[in-house]
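This report concerns only the one structure given below.
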Amino acid sequence: MSPGAREGARRGRDRRARVLHPLPGSARVSGDPPAVAVVGGGIAGLAAATALAERGVGVTLYERERQLGGRLAGWPERLADGSDVTMSRGFHAFFRQYYNLRGLLRRIDPELSMLTPLPDYPLRHSGGLQDSFARVPRTPPWSALGFAALSPTFGWRDLAGMNPRAALPLLDVRVPEVYERYDGLSARELLERIRFPEAAHHLAFEVFSRSFFADPRRLSAAELVLMFHIYFLGSSEGLLFDVPAEPFPAALWDPLGRYLTGHGASLRTGSPVESVEPARDGTCVVHSGRGARAYDGVVLALDTDGLRSVVSRSPLLGDEEWRARVLRLRTTPPFLVSRLWLDRPVAADRPGFLGTSGYGPLDNVSVLERWEGESARWAARTGGSVVELHAYAVDPAADRLVEQDRLRAELRRVYPETAGARAVDQRHEWRADCPLFPVGGHGDRPGVRTPEPAVVLAGDLVGSGLPVALMERAATTGFLAANALLARWGVRGQTLWTVPDRGRVPALRALNRLAGI
């Protein structure tokens, strides 16, 4: 099946999802194919490489690590009991409105059978309150009304105390206007301005805002508002999600790597790029540990530190203003992923994923054998459980061993049956490489295009002008980067989909305009 045929199918249940057609052009390159270097083998780089290779471009993908997947990579480990397992940076939710990411994965599995649905997105506060999205209607505004009616964190008195004038814009979110309106405000300040009930503030909204790995006091309110729109108020896909049924390499990246090589791409893992040098003839020379090579185009699909490093070592790349913006980019505080292979099972009714609030540094708990085949097989063989704990926005000065112990202690509070469990083995991943979207920082965020026509950017740190975030922003900008290069050669690029680009209810949009907010 051709890429164009695949793109024509509707990506989800939302009939108001927006389709973005690429510029017209030929289906494939003709004559001698241009050569493109894709630097970075995460979601953004893989999306760009896929769109280019499918259309006959000669793609060389450089990835500094030995595995594909970027921040969703996995690698082999051997446990103390001799079991061979796959470790990663942990749980990621593949929401149904991730149209472009899911479109990328359909290349290797048109039915997306490598993903399995989780039945709920439960949230629990240490004070005893718990929210669920399983019974909440999917389509706005019924989703918001249903959540308020079913949630124990909202009472009629609480709703009466909210500031409707401050809340109305949440029902008519537009990009890029959302940044013009809210980028100068922190996520916490916005919630305080709206006067959300305190319990809902802590349980639902702080849990969501921390999914950006940032403290709500430092996160731009524009990102939080956009997130409300994408996942809740602007889309009828709902807040339920899927997860890979096997570890990331087996389910996703190994098959996609084979797909790319089948389309002629060269995958150079364990090959970091040092610099990119624009040449007078319009090409760019990529310098890596394997030497230097000229390319007709370059996609820089790097994380924040990787992009800053390449730009700082490439003095001729871009102009002074663009380089300064890139070098001002920053990352979020450290986060911790602790995975425990326990010698006994957690209770049978524990969900596959639980968001938490009020449990010290603990942000969520996953029970991997509920949905991941490798963990289920280990649990069945040993009678134990594989439990994963996440802590976001950890104080950089914190003692790491102390924080790891604190997570284990909070697990005992959340799931008391683990108090007597022994860890057969454990792994702890500390990282600090997610992009920070600080208050007032949107103006510094680079876009897909750069001052060099042959060089484009991709990744979740890149601005797109579209209502996308997190993994879907990475996939979308990867395709946009490929489209920008393909247009130079007269080739039609990838069709894209997004959630609606404005509020769904005309009456509420009109009310928002009348309020003059």
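FYI, nothing fancy with the structure tokens labels: chains A, B, ... in order, residues from 1 per chain, ligands from 1 as they appear.
Near A:Leu20, within a cut-off of 10 Å and counting only C-alpha atoms, sit the residues Gln494, Thr495, Leu496, Trp497 and Thr498 of chain A, with same-chain residues fewer than 4 positions away left out.
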Output file for the residues above (N, CA and C atoms, as an mmCIF file, in the first residue's frame):
data_model
loop_
_atom_site.group_PDB
_atom_site.id
_atom_site.type_symbol
_atom_site.label_atom_id
_atom_site.label_comp_id
_atom_site.auth_asym_id
_atom_site.auth_seq_id
_atom_site.Cartn_x
_atom_site.Cartn_y
_atom_site.Cartn_z
ATOM 1 N N GLN A 494 3.978 14.313 3.507
ATOM 2 C CA GLN A 494 3.080 13.535 4.352
ATOM 3 C C GLN A 494 1.833 14.344 4.718
ATOM 4 N N THR A 495 0.666 13.742 4.562
ATOM 5 C CA THR A 495 -0.561 14.346 5.070
ATOM 6 C C THR A 495 -0.581 14.218 6.596
ATOM 7 N N LEU A 496 -0.976 15.283 7.276
ATOM 8 C CA LEU A 496 -0.983 15.300 8.741
ATOM 9 C C LEU A 496 -2.401 15.493 9.265
ATOM 10 N N TRP A 497 -2.594 15.055 10.493
ATOM 11 C CA TRP A 497 -3.871 15.215 11.187
ATOM 12 C C TRP A 497 -3.608 15.825 12.562
ATOM 13 N N THR A 498 -4.534 16.645 13.025
ATOM 14 C CA THR A 498 -4.471 17.142 14.405
ATOM 15 C C THR A 498 -5.878 17.166 14.983
#
Please list as a PDB file with all heavy atoms, in the first residue's frame every residue within 7 Å of stretch 359-366 of chain A, counting only C-alpha atoms and excluding residues in the same chain fewer than 4 positions away.
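Saved to out_39.pdb:
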ATOM      1  N   SER A 126      -3.501  11.398  48.204  1.00  0.00           N
ATOM      2  CA  SER A 126      -3.222  10.758  49.494  1.00  0.00           C
ATOM      3  C   SER A 126      -4.329  10.995  50.503  1.00  0.00           C
ATOM      4  O   SER A 126      -4.458  10.247  51.475  1.00  0.00           O
ATOM      5  CB  SER A 126      -1.891  11.275  50.056  1.00  0.00           C
ATOM      6  OG  SER A 126      -1.936  12.687  50.228  1.00  0.00           O
ATOM      7  N   GLY A 352      -3.160  -1.037  35.810  1.00  0.00           N
ATOM      8  CA  GLY A 352      -1.889  -1.013  35.106  1.00  0.00           C
ATOM      9  C   GLY A 352      -1.157   0.300  35.264  1.00  0.00           C
ATOM     10  O   GLY A 352       0.079   0.345  35.215  1.00  0.00           O
ATOM     11  N   PHE A 353      -1.913   1.386  35.473  1.00  0.00           N
ATOM     12  CA  PHE A 353      -1.311   2.707  35.660  1.00  0.00           C
ATOM     13  C   PHE A 353      -2.142   3.484  36.670  1.00  0.00           C
ATOM     14  O   PHE A 353      -3.377   3.426  36.636  1.00  0.00           O
ATOM     15  CB  PHE A 353      -1.259   3.481  34.340  1.00  0.00           C
ATOM     16  CG  PHE A 353      -0.778   4.898  34.490  1.00  0.00           C
ATOM     17  CD1 PHE A 353       0.579   5.182  34.502  1.00  0.00           C
ATOM     18  CD2 PHE A 353      -1.679   5.950  34.631  1.00  0.00           C
ATOM     19  CE1 PHE A 353       1.030   6.489  34.649  1.00  0.00           C
ATOM     20  CE2 PHE A 353      -1.236   7.253  34.781  1.00  0.00           C
ATOM     21  CZ  PHE A 353       0.123   7.517  34.786  1.00  0.00           C
ATOM     22  N   LEU A 354      -1.461   4.216  37.545  1.00  0.00           N
ATOM     23  CA  LEU A 354      -2.142   5.055  38.535  1.00  0.00           C
ATOM     24  C   LEU A 354      -1.366   6.353  38.691  1.00  0.00           C
ATOM     25  O   LEU A 354      -0.183   6.348  39.051  1.00  0.00           O
ATOM     26  CB  LEU A 354      -2.219   4.337  39.884  1.00  0.00           C
ATOM     27  CG  LEU A 354      -2.817   5.148  41.044  1.00  0.00           C
ATOM     28  CD1 LEU A 354      -4.313   5.366  40.842  1.00  0.00           C
ATOM     29  CD2 LEU A 354      -2.554   4.462  42.388  1.00  0.00           C
ATOM     30  N   GLY A 355      -2.022   7.492  38.409  1.00  0.00           N
ATOM     31  CA  GLY A 355      -1.437   8.787  38.703  1.00  0.00           C
ATOM     32  C   GLY A 355      -1.671   9.133  40.163  1.00  0.00           C
ATOM     33  O   GLY A 355      -2.738   8.846  40.710  1.00  0.00           O
ATOM     34  N   VAL A 387       6.968  -3.565  39.056  1.00  0.00           N
ATOM     35  CA  VAL A 387       6.342  -2.285  39.410  1.00  0.00           C
ATOM     36  C   VAL A 387       7.299  -1.157  39.051  1.00  0.00           C
ATOM     37  O   VAL A 387       8.499  -1.233  39.321  1.00  0.00           O
ATOM     38  CB  VAL A 387       6.003  -2.246  40.915  1.00  0.00           C
ATOM     39  CG1 VAL A 387       5.413  -0.890  41.285  1.00  0.00           C
ATOM     40  CG2 VAL A 387       5.032  -3.365  41.268  1.00  0.00           C
ATOM     41  N   GLU A 388       6.744  -0.112  38.451  1.00  0.00           N
ATOM     42  CA  GLU A 388       7.556   1.036  38.026  1.00  0.00           C
ATOM     43  C   GLU A 388       7.041   2.304  38.691  1.00  0.00           C
ATOM     44  O   GLU A 388       5.832   2.563  38.696  1.00  0.00           O
ATOM     45  CB  GLU A 388       7.499   1.159  36.509  1.00  0.00           C
ATOM     46  CG  GLU A 388       8.432   2.201  35.941  1.00  0.00           C
ATOM     47  CD  GLU A 388       8.396   2.166  34.420  1.00  0.00           C
ATOM     48  OE1 GLU A 388       9.090   1.308  33.839  1.00  0.00           O
ATOM     49  OE2 GLU A 388       7.655   2.983  33.832  1.00  0.00           O
ATOM     50  N   LEU A 389       7.958   3.100  39.211  1.00  0.00           N
ATOM     51  CA  LEU A 389       7.632   4.326  39.943  1.00  0.00           C
ATOM     52  C   LEU A 389       8.290   5.515  39.247  1.00  0.00           C
ATOM     53  O   LEU A 389       9.463   5.439  38.869  1.00  0.00           O
ATOM     54  CB  LEU A 389       8.145   4.236  41.385  1.00  0.00           C
ATOM     55  CG  LEU A 389       7.867   2.923  42.132  1.00  0.00           C
ATOM     56  CD1 LEU A 389       8.551   2.925  43.488  1.00  0.00           C
ATOM     57  CD2 LEU A 389       6.372   2.688  42.269  1.00  0.00           C
ATOM     58  N   HIS A 390       7.543   6.608  39.090  1.00  0.00           N
ATOM     59  CA  HIS A 390       8.075   7.807  38.450  1.00  0.00           C
ATOM     60  C   HIS A 390       8.035   8.983  39.425  1.00  0.00           C
ATOM     61  O   HIS A 390       7.044   9.172  40.144  1.00  0.00           O
ATOM     62  CB  HIS A 390       7.254   8.189  37.217  1.00  0.00           C
ATOM     63  CG  HIS A 390       7.439   7.279  36.051  1.00  0.00           C
ATOM     64  ND1 HIS A 390       7.175   7.672  34.754  1.00  0.00           N
ATOM     65  CD2 HIS A 390       7.861   6.000  35.971  1.00  0.00           C
ATOM     66  CE1 HIS A 390       7.423   6.672  33.936  1.00  0.00           C
ATOM     67  NE2 HIS A 390       7.833   5.636  34.650  1.00  0.00           N
ATOM     68  N   ALA A 391       9.087   9.780  39.399  1.00  0.00           N
ATOM     69  CA  ALA A 391       9.144  11.044  40.143  1.00  0.00           C
ATOM     70  C   ALA A 391       9.645  12.115  39.190  1.00  0.00           C
ATOM     71  O   ALA A 391      10.752  11.985  38.646  1.00  0.00           O
ATOM     72  CB  ALA A 391      10.066  10.925  41.348  1.00  0.00           C
ATOM     73  N   TYR A 392       8.852  13.172  38.989  1.00  0.00           N
ATOM     74  CA  TYR A 392       9.210  14.229  38.050  1.00  0.00           C
ATOM     75  C   TYR A 392       9.665  15.479  38.800  1.00  0.00           C
ATOM     76  O   TYR A 392       9.288  15.706  39.956  1.00  0.00           O
ATOM     77  CB  TYR A 392       8.016  14.595  37.167  1.00  0.00           C
ATOM     78  CG  TYR A 392       7.418  13.419  36.417  1.00  0.00           C
ATOM     79  CD1 TYR A 392       6.043  13.281  36.271  1.00  0.00           C
ATOM     80  CD2 TYR A 392       8.225  12.444  35.851  1.00  0.00           C
ATOM     81  CE1 TYR A 392       5.490  12.210  35.575  1.00  0.00           C
ATOM     82  CE2 TYR A 392       7.686  11.370  35.155  1.00  0.00           C
ATOM     83  CZ  TYR A 392       6.316  11.254  35.030  1.00  0.00           C
ATOM     84  OH  TYR A 392       5.779  10.195  34.361  1.00  0.00           O
ATOM     85  N   LEU A 407      10.756   6.890  47.100  1.00  0.00           N
ATOM     86  CA  LEU A 407       9.770   6.331  46.178  1.00  0.00           C
ATOM     87  C   LEU A 407       9.288   4.970  46.664  1.00  0.00           C
ATOM     88  O   LEU A 407       8.087   4.677  46.621  1.00  0.00           O
ATOM     89  CB  LEU A 407      10.364   6.195  44.775  1.00  0.00           C
ATOM     90  CG  LEU A 407      10.410   7.431  43.885  1.00  0.00           C
ATOM     91  CD1 LEU A 407      10.704   7.022  42.446  1.00  0.00           C
ATOM     92  CD2 LEU A 407       9.116   8.215  43.925  1.00  0.00           C
ATOM     93  N   GLU A 410       6.881   5.436  49.488  1.00  0.00           N
ATOM     94  CA  GLU A 410       5.561   5.907  49.053  1.00  0.00           C
ATOM     95  C   GLU A 410       4.783   4.790  48.366  1.00  0.00           C
ATOM     96  O   GLU A 410       3.553   4.732  48.470  1.00  0.00           O
ATOM     97  CB  GLU A 410       5.711   7.105  48.121  1.00  0.00           C
ATOM     98  CG  GLU A 410       6.294   8.352  48.782  1.00  0.00           C
ATOM     99  CD  GLU A 410       5.448   8.853  49.946  1.00  0.00           C
ATOM    100  OE1 GLU A 410       4.222   8.601  49.964  1.00  0.00           O
ATOM    101  OE2 GLU A 410       6.021   9.497  50.851  1.00  0.00           O
TER     102      GLU A 410
END
Exercise for review: Write down as a PyMOL selection string the residues of stretch 65-278 of chain A whose backbone DSSP state falls under strand (DSSP E).
Suggested key: chain A and resi 74-78+84-88+94-95+115-117+123-125+130-131+241-244+266-269+273-278
Limited to N, CA and C atoms, could you put the picked residues into a file as an mmCIF file, in the first residue's frame?
data_model
loop_
_atom_site.group_PDB
_atom_site.id
_atom_site.type_symbol
_atom_site.label_atom_id
_atom_site.label_comp_id
_atom_site.auth_asym_id
_atom_site.auth_seq_id
_atom_site.Cartn_x
_atom_site.Cartn_y
_atom_site.Cartn_z
ATOM 1 N N GLY A 74 14.938 1.233 24.498
ATOM 2 C CA GLY A 74 15.065 0.175 25.491
ATOM 3 C C GLY A 74 16.379 -0.550 25.291
ATOM 4 N N TRP A 75 16.885 -1.176 26.329
ATOM 5 C CA TRP A 75 18.175 -1.862 26.246
ATOM 6 C C TRP A 75 18.144 -3.105 27.140
ATOM 7 N N PRO A 76 18.978 -4.091 26.822
ATOM 8 C CA PRO A 76 18.929 -5.349 27.571
ATOM 9 C C PRO A 76 19.619 -5.240 28.930
ATOM 10 N N GLU A 77 19.052 -5.933 29.890
ATOM 11 C CA GLU A 77 19.633 -6.053 31.233
ATOM 12 C C GLU A 77 19.472 -7.498 31.694
ATOM 13 N N ARG A 78 20.359 -7.928 32.574
ATOM 14 C CA ARG A 78 20.227 -9.245 33.191
ATOM 15 C C ARG A 78 20.015 -9.054 34.688
ATOM 16 N N ASP A 84 16.759 -12.352 31.573
ATOM 17 C CA ASP A 84 17.090 -11.302 30.613
ATOM 18 C C ASP A 84 15.850 -10.450 30.376
ATOM 19 N N VAL A 85 15.971 -9.140 30.630
ATOM 20 C CA VAL A 85 14.833 -8.234 30.529
ATOM 21 C C VAL A 85 15.240 -7.004 29.734
ATOM 22 N N THR A 86 14.238 -6.180 29.438
ATOM 23 C CA THR A 86 14.461 -4.920 28.723
ATOM 24 C C THR A 86 14.164 -3.770 29.664
ATOM 25 N N MET A 87 15.135 -2.899 29.849
ATOM 26 C CA MET A 87 14.942 -1.700 30.660
ATOM 27 C C MET A 87 14.725 -0.510 29.743
ATOM 28 N N SER A 88 14.010 0.500 30.246
ATOM 29 C CA SER A 88 13.749 1.715 29.477
ATOM 30 C C SER A 88 13.545 2.862 30.453
ATOM 31 N N PHE A 94 0.122 6.217 24.821
ATOM 32 C CA PHE A 94 -0.119 6.491 23.404
ATOM 33 C C PHE A 94 -1.604 6.840 23.254
ATOM 34 N N PHE A 95 -1.902 8.126 23.412
ATOM 35 C CA PHE A 95 -3.290 8.582 23.369
ATOM 36 C C PHE A 95 -3.861 8.425 21.969
ATOM 37 N N LEU A 115 -0.175 -2.323 20.144
ATOM 38 C CA LEU A 115 -0.656 -1.508 21.257
ATOM 39 C C LEU A 115 -1.834 -2.201 21.926
ATOM 40 N N THR A 116 -1.916 -2.043 23.229
ATOM 41 C CA THR A 116 -3.040 -2.614 23.973
ATOM 42 C C THR A 116 -3.679 -1.518 24.818
ATOM 43 N N PRO A 117 -5.001 -1.457 24.885
ATOM 44 C CA PRO A 117 -5.661 -0.375 25.630
ATOM 45 C C PRO A 117 -5.646 -0.628 27.134
ATOM 46 N N LEU A 123 -6.627 8.466 38.967
ATOM 47 C CA LEU A 123 -5.795 9.398 39.719
ATOM 48 C C LEU A 123 -6.182 9.304 41.182
ATOM 49 N N ARG A 124 -5.174 9.249 42.052
ATOM 50 C CA ARG A 124 -5.464 9.115 43.482
ATOM 51 C C ARG A 124 -4.674 10.145 44.280
ATOM 52 N N HIS A 125 -5.385 10.783 45.231
ATOM 53 C CA HIS A 125 -4.746 11.706 46.159
ATOM 54 C C HIS A 125 -4.573 11.025 47.504
ATOM 55 N N GLN A 130 -10.252 9.917 44.694
ATOM 56 C CA GLN A 130 -9.786 9.246 43.490
ATOM 57 C C GLN A 130 -10.669 9.635 42.322
ATOM 58 N N ASP A 131 -10.012 9.959 41.192
ATOM 59 C CA ASP A 131 -10.726 10.288 39.963
ATOM 60 C C ASP A 131 -10.528 9.194 38.936
ATOM 61 N N PHE A 241 -6.081 5.661 26.727
ATOM 62 C CA PHE A 241 -4.879 5.518 25.914
ATOM 63 C C PHE A 241 -4.485 4.058 25.777
ATOM 64 N N ASP A 242 -3.511 3.825 24.897
ATOM 65 C CA ASP A 242 -2.939 2.505 24.680
ATOM 66 C C ASP A 242 -1.484 2.513 25.133
ATOM 67 N N VAL A 243 -0.951 1.316 25.316
ATOM 68 C CA VAL A 243 0.457 1.143 25.666
ATOM 69 C C VAL A 243 1.016 -0.016 24.843
ATOM 70 N N PRO A 244 2.317 -0.037 24.577
ATOM 71 C CA PRO A 244 2.887 -1.156 23.824
ATOM 72 C C PRO A 244 2.755 -2.469 24.589
ATOM 73 N N SER A 266 20.025 3.974 5.504
ATOM 74 C CA SER A 266 21.178 3.472 6.237
ATOM 75 C C SER A 266 21.076 3.944 7.684
ATOM 76 N N LEU A 267 21.080 3.012 8.631
ATOM 77 C CA LEU A 267 20.938 3.340 10.053
ATOM 78 C C LEU A 267 22.296 3.229 10.739
ATOM 79 N N ARG A 268 22.811 4.344 11.217
ATOM 80 C CA ARG A 268 24.114 4.368 11.860
ATOM 81 C C ARG A 268 23.939 4.644 13.354
ATOM 82 N N THR A 269 23.621 3.603 14.100
ATOM 83 C CA THR A 269 23.516 3.745 15.550
ATOM 84 C C THR A 269 24.913 3.760 16.154
ATOM 85 N N VAL A 273 26.758 12.796 15.930
ATOM 86 C CA VAL A 273 27.177 13.853 15.003
ATOM 87 C C VAL A 273 27.786 14.990 15.813
ATOM 88 N N GLU A 274 28.916 15.472 15.351
ATOM 89 C CA GLU A 274 29.626 16.536 16.072
ATOM 90 C C GLU A 274 29.229 17.922 15.589
ATOM 91 N N SER A 275 29.119 18.094 14.273
ATOM 92 C CA SER A 275 28.820 19.421 13.741
ATOM 93 C C SER A 275 28.241 19.312 12.342
ATOM 94 N N VAL A 276 27.646 20.422 11.897
ATOM 95 C CA VAL A 276 27.075 20.527 10.544
ATOM 96 C C VAL A 276 27.601 21.814 9.930
ATOM 97 N N GLU A 277 28.177 21.695 8.746
ATOM 98 C CA GLU A 277 28.816 22.841 8.095
ATOM 99 C C GLU A 277 28.152 23.132 6.753
ATOM 100 N N PRO A 278 27.425 24.259 6.642
ATOM 101 C CA PRO A 278 26.833 24.614 5.349
ATOM 102 C C PRO A 278 27.919 24.911 4.318
#
Point to revise | Shell around A:Glu189 at 10 Å using only C-alpha atoms, local window under 2 positions removed, as a PyMOL selection string | key: chain A and resi 185-187+191-195+216-221
Practice item. Extract, using only C-alpha atoms, all DNA, RNA and protein residues at most 9 Å from A:Ala393, discarding same-chain residues fewer than 2 positions from it, and format them as a PyMOL selection string. Key: chain A and resi 210+213-215+332-336+361+391+395-396+432
Practice item. Between atom CA of A:Val337 and atom CA of A:Glu429, measure the distance and give it in Å to one decimal. Key: 5.1 Å
Exercise for review: Please identify all polymer residues within 12 Å of A:Tyr98, counting only C-alpha atoms, omitting same-chain residues fewer than 3 positions from it, and present them as a PyMOL selection string.
Suggested key: chain A and resi 11-14+17+93-95+101-105+230-231+235+237-242+467-476+496-499
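When atom CA of A:Gly318 is paired with atom CA of A:Thr450, their separation reads 6.8 Å.
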Point to revise | Length of the atom CA of A:Arg188 to atom CA of A:Thr356 vector [Å] | key: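 A separation of 17.7 Å between them.
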Exercise for review: Select, from A:Glu198, A:Leu224, A:Gly291, A:Leu485, the residue with the minimum atom-to-atom distance to A:Tyr182, counting only C-alpha atoms.
Suggested key: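 Among the listed residues, A:Leu224 lies closest to A:Tyr182.
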**Study point:** Shell around A:Ala454 at 12 Å using only C-alpha atoms, local window under 3 positions removed, as a PyMOL selection string
**Key:** chain A and resi 34-38+276-285+294-300+317-318+448-451+457+481-482+484-489
Review point. If you count only C-alpha atoms, which residues fall within 8 Å of A:Gly45, apart from same-chain ones fewer than 3 positions away, as a ChimeraX atom specification?
Key: /A:38-42,48-49,61,299-302,458-459,478
Check your understanding: as a ChimeraX atom specification, which residues of stretch 18-240 of chain A does DSSP assign to helix (DSSP H, G or I)?
Key -> /A:43-54,70-72,99-105,142-150,156-160,164-171,177-182,187-194,198-212,221-233
Review point. With only C-alpha atoms as the basis for distance, which of A:Gly420, A:Gly440, A:Pro435, A:Gly503 is at the shortest distance from A:Arg181?
Key: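 Among the listed residues, the smallest separation from A:Arg181 belongs to A:Gly440.
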